[in-house]
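Asks: Supplied in C-alpha cells, the structure appears directly below.
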Amino acid sequence: MAGNCVVLKPSQFTPLTAYILAEEIDKAGYPAGVFNLVTGRGGEVGNALATHEDVDMISFTGSTGAGREVARMALGNIKKIALELGGKSAAILLDGGDWENGIHGVLETVVPNAGQTCNALTRLLVPKNGLAKAEEIIKKQLEEYQYGPAEDPAVDTGTTVIEGCLTV
C-alpha cells in the first residue's frame with residue numbers, strides 16, 4: 001500500500017505457509033513484483049538478501065546468533081534493520097487474576113503449532129510466590145491436549161520441525 005516491494009524468505013524448514021500466502025496475494029491481484037517469495041537456505045539466500053545493494057531493509061526473526069550475522073552483513077550496505085531475536089510474546093499473570101483462563105489462553109497460542117508462530121505466548125511471567133501454582137495449572141491443562149499424527153482430526157498438535165529435526 002505504501003509502494004514498497006517485499007521479498008519474503010521463510011524459514012528453510014517451514015516454507016509451506018509462505019507458499020499459501022503467496023498464492024493468496026496473487027489471487028488478491030497485487031501487481032507483479034510487489035510481493036516476492038524466495039525460498040532456500042538462510043546461509044545462501046538470506047545472506048544474499050542481507051548483502052545485496054538493492055535491498056534497503058532487512059527484517060529478521062530468529063536466533064540471537066543468526067541475528068548478529070544478519071545485522072553484520074546488512075550493515076555493510078548501511079541497511080535499515082529490524083531484528084526480533086530470542087524470546088518473544090510474554091504473557092503476564094498477576095495476583096488476583098484468572099490464572100486458569102490466562103494459562104489456557106497461553107497454551108492455545110503455543111500447543112497447536114508448537115510455538116512456531118510469531119505471536120505465540122512462549123514466555124509466561126508470574127509472581128515468584130505463584131510459580132508452583134502456575135506450574136500445577138500448566139501441567140494439568142497440558143494433559144488435556146491430544147498429540148499424534150497431524151492428519152488425525154482428534155489431535156491438537158502433530159509432527160513439527162525443530163531446528164531441522166523432525167519430532168512428534
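Residue numbers start at 1 in each chain; chains themselves are named A, B, ... in the order of the C-alpha cells; ligands are numbered from 1 in the order shown.
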Where does DSSP see alpha helix (DSSP H) in stretch 2-164 of chain A, if you list the residues as a ChimeraX atom specification?

Replies: /A:16-27,47-51,64-75,99-110,131-142

Asks: Would you kindly return, as a PyMOL selection string, each protein, DNA or RNA residue with an atom no farther than 12 Å from any atom of stretch 107-123 of chain A, considering only C-alpha atoms and excluding same-chain residues fewer than 3 positions away?

Replies: chain A and resi 11+13-14+17+60-62+84-93+99-104+126+137-148+150+154-163+167-168

Asks: Ranking A:Lys27, A:Lys133, A:Arg72, A:Lys9 by minimum distance to A:Gly42 and counting only C-alpha atoms, which one comes first?

Replies: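 Once distances to A:Gly42 are computed over only C-alpha atoms, the minimum belongs to A:Lys9.
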
Asks: May I ask which of the residues A:Leu37, A:Ile58, A:Leu49, A:Ala71 is the closest one to A:Ala18, counting only C-alpha atoms?

Replies: A:Leu37

Asks: Neighbouring residues of A:Ala48 were defined as those with any atom within 12 Å, considering only C-alpha atoms; residues of the same chain fewer than 4 positions away were excluded. Please report them as a list in words.

Replies: Val7, Lys9, Val38, Thr39, Gly40, Arg41, Gly42, Gly43, Glu44, His52, Glu53, Asp54, Val55, Ile58, Val70, Met73 and Ala74 of chain A

Asks: Could those residues be written to a file, using N, CA and C atoms, as a PDB file, in the first residue's frame?

Replies:
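The result, written out as part-v9.pdb:
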ATOM      1  N   VAL A   7      10.329  -8.865  -0.361  1.00  0.00           N
ATOM      2  CA  VAL A   7      10.854 -10.197  -0.647  1.00  0.00           C
ATOM      3  C   VAL A   7      10.755 -10.971   0.657  1.00  0.00           C
ATOM      4  N   LYS A   9      11.594 -14.373   2.592  1.00  0.00           N
ATOM      5  CA  LYS A   9      12.399 -15.587   2.601  1.00  0.00           C
ATOM      6  C   LYS A   9      12.049 -16.316   3.888  1.00  0.00           C
ATOM      7  N   VAL A  38      11.001 -16.026  -2.023  1.00  0.00           N
ATOM      8  CA  VAL A  38      12.253 -16.699  -2.351  1.00  0.00           C
ATOM      9  C   VAL A  38      12.527 -17.697  -1.238  1.00  0.00           C
ATOM     10  N   THR A  39      12.690 -18.959  -1.587  1.00  0.00           N
ATOM     11  CA  THR A  39      12.950 -19.975  -0.569  1.00  0.00           C
ATOM     12  C   THR A  39      14.376 -20.492  -0.699  1.00  0.00           C
ATOM     13  N   GLY A  40      14.846 -21.125   0.350  1.00  0.00           N
ATOM     14  CA  GLY A  40      16.188 -21.712   0.331  1.00  0.00           C
ATOM     15  C   GLY A  40      16.851 -21.588   1.685  1.00  0.00           C
ATOM     16  N   ARG A  41      18.077 -22.021   1.747  1.00  0.00           N
ATOM     17  CA  ARG A  41      18.843 -21.995   2.992  1.00  0.00           C
ATOM     18  C   ARG A  41      19.181 -20.555   3.387  1.00  0.00           C
ATOM     19  N   GLY A  42      19.067 -20.282   4.676  1.00  0.00           N
ATOM     20  CA  GLY A  42      19.364 -18.945   5.171  1.00  0.00           C
ATOM     21  C   GLY A  42      20.787 -18.512   4.866  1.00  0.00           C
ATOM     22  N   GLY A  43      21.731 -19.450   5.000  1.00  0.00           N
ATOM     23  CA  GLY A  43      23.138 -19.136   4.754  1.00  0.00           C
ATOM     24  C   GLY A  43      23.447 -18.795   3.310  1.00  0.00           C
ATOM     25  N   GLU A  44      22.553 -19.148   2.409  1.00  0.00           N
ATOM     26  CA  GLU A  44      22.753 -18.816   0.999  1.00  0.00           C
ATOM     27  C   GLU A  44      21.815 -17.695   0.569  1.00  0.00           C
ATOM     28  N   HIS A  52      22.798  -7.677  -0.469  1.00  0.00           N
ATOM     29  CA  HIS A  52      22.509  -7.108  -1.794  1.00  0.00           C
ATOM     30  C   HIS A  52      22.309  -5.599  -1.704  1.00  0.00           C
ATOM     31  N   GLU A  53      22.941  -4.866  -2.599  1.00  0.00           N
ATOM     32  CA  GLU A  53      22.891  -3.393  -2.546  1.00  0.00           C
ATOM     33  C   GLU A  53      21.526  -2.819  -2.889  1.00  0.00           C
ATOM     34  N   ASP A  54      20.657  -3.566  -3.553  1.00  0.00           N
ATOM     35  CA  ASP A  54      19.327  -3.067  -3.894  1.00  0.00           C
ATOM     36  C   ASP A  54      18.281  -3.355  -2.828  1.00  0.00           C
ATOM     37  N   VAL A  55      18.652  -4.056  -1.775  1.00  0.00           N
ATOM     38  CA  VAL A  55      17.743  -4.314  -0.664  1.00  0.00           C
ATOM     39  C   VAL A  55      17.965  -3.215   0.364  1.00  0.00           C
ATOM     40  N   ILE A  58      16.187  -4.981   6.007  1.00  0.00           N
ATOM     41  CA  ILE A  58      16.083  -6.391   6.381  1.00  0.00           C
ATOM     42  C   ILE A  58      15.312  -6.474   7.692  1.00  0.00           C
ATOM     43  N   VAL A  70      23.143 -11.578  10.458  1.00  0.00           N
ATOM     44  CA  VAL A  70      22.328 -10.808   9.514  1.00  0.00           C
ATOM     45  C   VAL A  70      22.639  -9.320   9.658  1.00  0.00           C
ATOM     46  N   MET A  73      26.077  -8.405   8.207  1.00  0.00           N
ATOM     47  CA  MET A  73      26.070  -8.363   6.738  1.00  0.00           C
ATOM     48  C   MET A  73      25.281  -7.163   6.220  1.00  0.00           C
ATOM     49  N   ALA A  74      24.142  -6.871   6.830  1.00  0.00           N
ATOM     50  CA  ALA A  74      23.291  -5.772   6.362  1.00  0.00           C
ATOM     51  C   ALA A  74      23.965  -4.423   6.552  1.00  0.00           C
TER      52      ALA A  74
END

Asks: Give the strand (DSSP E) residues of stretch 39-87 of chain A, as DSSP finds them on the backbone, and put them as a ChimeraX atom specification.

Replies: /A:57-62,80-85

Asks: Restricting the calculation to only C-alpha atoms: of A:Leu83, A:Ala50, A:Asp26, A:Leu16, which residue gets closest to A:Ser63?

Replies: A:Leu83
